[in-house]
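Structure, as structure tokens:
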Amino acid sequence: MKVAVEGCCHGELDKIYESISYLENKEGVKVDMLLCCGDFQAVRNEGDLKCMAVPAKYRQMQTFYKYYSGEKKAPVLTIFIGGNHEASNHLQELPYGGWVAPNIYYLGYAGVVRFRGVRIGGLSGIFKSHDYKKGHFEFPPYNQETLRSVYHIRNIDIFKLKQIKMPIDIFMTHDWPRGIYHYGNTNQLLNKKKFLRQEVESGTLGSPAAAELLEHLQPSYWFSAHLHVKFAAIMQHQAKNNAAPKITKFLSLDKCLPHRDFLQIVEIPDRPGSSEQLEYDPEWLAILKATDSLQKPSCKFWHPPQNNGLHTRWDFSASEEAMMEVVSDFSGDLSIPENFSLTIPAYDPGHPQHNAHPAYSTNPQTTEMCATLGLTDIYILSGQSDREGGTTGATEEEDEDNRSTGSVDEPSEYPTDTSVLSNSYNPDEITIEDEWEEEEEGLGCAEEKWTDAVVPEGQVGGKDSDRDSSPLRATASRLSLPPPCAAPEPALRSPLSLTLPLPSNSASLSQGSSEEERDFTPARIPKRTSGETAGPVIHSGGTPRIKRRNQSIYTAVDDEESEG
């Protein structure tokens with residue numbers, strides 16, 4: 001089946017769907033599914049805008065509300081994960097996943113579903129070690145601390161995902177697994193994103209938790225975004241249990257803007273005879289049931305159970321009996337019901353409500369799923385805890401990501417993690433403010449430095465970053481992926497092919513070359529859609545711009561003032 005993969009969405013659904021339609025007409029193909037790798041921005045109305053961690057002047061409605069209200073319907077099944085710029089009050093209604101609009105499905109904090117027999121998993125948010133061991137305690141209305149901590153991943157979700165034993169076909173994260181950059185064309189990456197060099201060379205770029213998942217799950221494909229750059233890699237894993245070593249093909253894409261590689265169509269074999277509907281995954285449902293009692297909506301640190309003599313149970317993987325039980329819970333039908341409903345009013349362009357307060361409510365989809373499986377609605381639980389004074393937050397304006405909120409007696413689960421230290425700085429560190437100030441500076445500033453850079457040069461002593469999980473802090477030993485392993489050369493394929501080959505022993509790992517990019521054969525991707533005025537393409541020093549190939553529908557200058 002043809003799968004369209006998109007990087008950072010930033011609410012630009014109209015433009016993404018128009019781009020898919022253009023590709024379908026141009027290449028004579030039909031896209032079966034769209035995967036979005038975070039920063040989706042499912043903003044329903046003006047109140048939701050206030051729950052996004054972005055400066056107020058960049059809180060724009062974009063186009064998701066049209067799909068939420070029913071004005072439009074997604075033309076292709078869309079599955080997404082959360083990133084670090086989300087309407088968090090909306091996504092928190094669906095901790096186990098659910099429809100945010102007809103034909104648009106959110107995977108939850110962590111989740112696995114099936115489509116045409118293909119298992120698709122994902123993890124929402126980004127890694128920050130000082131929140132990693134906490135529960136999902138945040139509840140709207142958010143303060144300056146919880147507005148940001150709400151999208152930081154938690155070890156409970158990693159623990160659940162590590163109970164998976166059956167093969168995963170596709171996995172999505174917003175930030176990259178730490179160390180994955182060693183398996184692709186690292187030099188080309190650093191030519192595009194010069195400010196990443198120190199973190200790449202020190203091995204501190206990316207999420208150590210995602211790296212741990214990558215080693216455990218070893219999926220056929222891993223898709224990410226967050227760094228606003230296209231990057232492909234091929235990782236050959238170490239063989240397990242005398243089986244042939246598995247290979248993961250990694251692809252990260254840019255954000256939806258002109259001249260950017262934000263969309264790519266790949267072909268992934270489905271399983272004949274499988275359901276044409278989106279389905280729950282029985283192994284994942286069984287894991288959710290087994291781990292339900294472990295969930296605590298607390299800002300105190302939580303340690304996963306281990307085989308250390310202190311816990312009566314530490315293995316929460318799904319037995320065949322447990323999987324049959326969840327199938328029985330759904331009366332043998334694992335098709336995800338199309339039970340979307342509005343939970344708050346949608347934005348009305350004719351009657352804007354600029355002073356609207358954030359709304360929060362339970363979601364009938366979560367209520368129904370919890371009732372069916374006997375799960376706890378952790379959103380309700382966190383709300384009860386919040387009302388009882390069980391959580392506290394910072395009141396000052398300081399960005400909480402600047403500091404650790406954990407005890408010095410509770411070090412990071414990753415011994416060499418550096419994501420919260422602040423005794424050194426990265427001059428190009430992205431903060432929430434800096435990332436969004438880029439657009440205000442326009443073509444005359446940031447783009448004169450690097451034509452496809454995400455951020456302008458930062459200030460000395462700038463605040464900590466939400467770009468990735470770890471600024472440069474240390475050069476000691478680090479948790480990272482094992483060194484790349486060489487493999488035979490892959491077969492050549494047509495430059496017009498949309499095929500992304502299955503992992504096999506014939507896959508190549510060519511360090512320092514563009515082989516990984518060629519292995520992800522790109523479609524001719526339109527960069528943005530209609531409604532803009534024509535203008536010259538500006539070139540500058542550094543990385544050259546990608547030429548516009550679809551003049552028939554794209555006549556825009558590269559104006560990033562509407563960037564998300």
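All residue names refer to the structure tokens as shown: chains lettered A, B, ... in order, residues numbered from 1 in each chain, ligands numbered from 1 in order.
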Within 9 Å of range 348-362 of chain A, counting only C-alpha atoms, which residues show up once you throw out same-chain ones fewer than 3 positions away? Write them as a PDB file with C-alpha atoms, in the first residue's frame, please.
```
ATOM      1  CA  ASN A  45     -11.058  26.860  18.757  1.00  0.00           C
ATOM      2  CA  GLU A  46      -9.381  29.905  20.292  1.00  0.00           C
ATOM      3  CA  GLY A  47      -9.300  28.316  23.739  1.00  0.00           C
ATOM      4  CA  ASP A  48      -7.161  25.457  22.454  1.00  0.00           C
ATOM      5  CA  LEU A  49      -4.650  27.948  21.084  1.00  0.00           C
ATOM      6  CA  LYS A  50      -3.871  29.007  24.651  1.00  0.00           C
ATOM      7  CA  CYS A  51      -2.877  25.431  25.473  1.00  0.00           C
ATOM      8  CA  TYR A  65     -10.882  23.139  12.868  1.00  0.00           C
ATOM      9  CA  ASN A  89      -5.889  19.978  26.415  1.00  0.00           C
ATOM     10  CA  HIS A  90      -7.423  18.312  23.366  1.00  0.00           C
ATOM     11  CA  GLU A  93      -8.804  13.778  26.378  1.00  0.00           C
ATOM     12  CA  LEU A  94      -7.539  10.746  24.428  1.00  0.00           C
ATOM     13  CA  PHE A 139      -4.394  18.949  33.823  1.00  0.00           C
ATOM     14  CA  PRO A 140      -5.732  22.174  32.296  1.00  0.00           C
ATOM     15  CA  PRO A 141      -5.699  25.041  32.854  1.00  0.00           C
ATOM     16  CA  THR A 343     -16.530  17.690  22.800  1.00  0.00           C
ATOM     17  CA  ILE A 344     -16.325  21.500  22.628  1.00  0.00           C
ATOM     18  CA  PRO A 345     -17.604  24.018  20.050  1.00  0.00           C
ATOM     19  CA  GLN A 365     -14.316   7.633  23.068  1.00  0.00           C
ATOM     20  CA  THR A 366     -12.056   7.274  26.094  1.00  0.00           C
ATOM     21  CA  THR A 367     -15.028   6.579  28.356  1.00  0.00           C
ATOM     22  CA  ASP A 377      -9.261   7.233  32.431  1.00  0.00           C
ATOM     23  CA  TYR A 379      -7.218  12.216  32.301  1.00  0.00           C
ATOM     24  CA  ILE A 380     -10.059  12.143  34.830  1.00  0.00           C
TER      25      ILE A 380
END
```
Review point. What does the distance from CA of Trp284 in chain A to CA of Ala244 in chain A come to in Å, to one decimal?
Key: 25.2 Å
Do you know which residues are at most 9 Å from Met323 in chain A counting only C-alpha atoms, after dropping those on the same chain fewer than 5 positions away, and could you put them as a PDB file with C-alpha atoms, in the first residue's frame?
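As written to disk, result.pdb reads:
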```
ATOM      1  CA  PRO A 282      -4.819  -7.196  20.540  1.00  0.00           C
ATOM      2  CA  GLU A 283      -1.297  -7.390  21.974  1.00  0.00           C
ATOM      3  CA  TRP A 284      -1.326  -3.675  22.793  1.00  0.00           C
ATOM      4  CA  LEU A 285      -4.792  -3.839  24.355  1.00  0.00           C
ATOM      5  CA  ALA A 286      -3.667  -6.718  26.548  1.00  0.00           C
ATOM      6  CA  ILE A 287      -0.629  -4.695  27.652  1.00  0.00           C
ATOM      7  CA  ALA A 318       0.741 -10.201  26.647  1.00  0.00           C
ATOM      8  CA  SER A 328     -13.659 -11.283  23.611  1.00  0.00           C
TER       9      SER A 328
END
```
Exercise for review: May I ask for the distance between CA of His303 in chain A and CA of Arg178 in chain A, given in Å to one decimal place?
Suggested key: 21.9 Å
Review point. A:Lys160, A:Pro55, A:Ala101, A:Thr173: which is nearest Leu342 in chain A, counting only C-alpha atoms?
Key: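 Of A:Lys160, A:Pro55, A:Ala101, A:Thr173, the one nearest Leu342 in chain A is A:Ala101, counting only C-alpha atoms.
Here CA of Arg260 in chain A is placed at a distance of 25.2 Å from CA of Ala56 in chain A.
Using only C-alpha atoms, the nearest neighbour of Phe171 in chain A within the list A:Ser252, A:Gln198, A:Asn242, A:Ser341 is A:Ser252.
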Review point. Quick one: residues within 6 Å of Ile79 in chain A, only C-alpha atoms counted, chain neighbours fewer than 4 positions away excluded, as an NGL selection string?
Key: :A and (35 or 104-106)
Practice item. Step one, run DSSP on the backbone; step two, keep only residues of range 123-204 of chain A assigned to helix (DSSP H, G or I); then write them as JSON, numbers by chain. Key: {"A": [129, 130, 131, 132, 146, 147, 148, 149, 155, 156, 157, 158, 159, 160, 161, 180, 181, 182, 183, 186, 187, 188, 189, 190, 191, 192, 194, 195, 196, 197, 198, 199, 200, 201, 202]}
**Study point:** Proximity to Val326 in chain A - best of A:Phe340, A:Pro102, A:Cys299, A:Lys289, only C-alpha atoms
**Key:** A:Lys289
Point to revise | 10 Å contact set for Gly374 in chain A, only C-alpha atoms, chain neighbours under 4 positions out, as a list in words | key: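 The residues that qualify are Leu288, Lys289, Asp292, Asp329, Glu368, Met369 and Cys370 of chain A.
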Review point. Of the candidates A:Asn84, A:Ser331, A:Thr146, A:Asn308, which shows the shortest atom-to-atom distance to Asp39 in chain A, using only C-alpha atoms?
Key: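 The answer is A:Asn84, which sits nearest to Asp39 in chain A.
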**Study point:** DSSP-assigned strand (DSSP E or B) members of range 41-279 of chain A, reported as number ranges by chain
**Key:** A: 77-80, 98-101, 104-106, 110-115, 118-123, 126, 152, 170-173, 177, 184, 207, 221-224, 231-236, 247-252, 255, 263-267, 279
Point to revise | Shell around Ser335 in chain A at 7 Å using only C-alpha atoms, local window under 4 positions removed, as a PyMOL selection string | key: chain A and resi 277-280
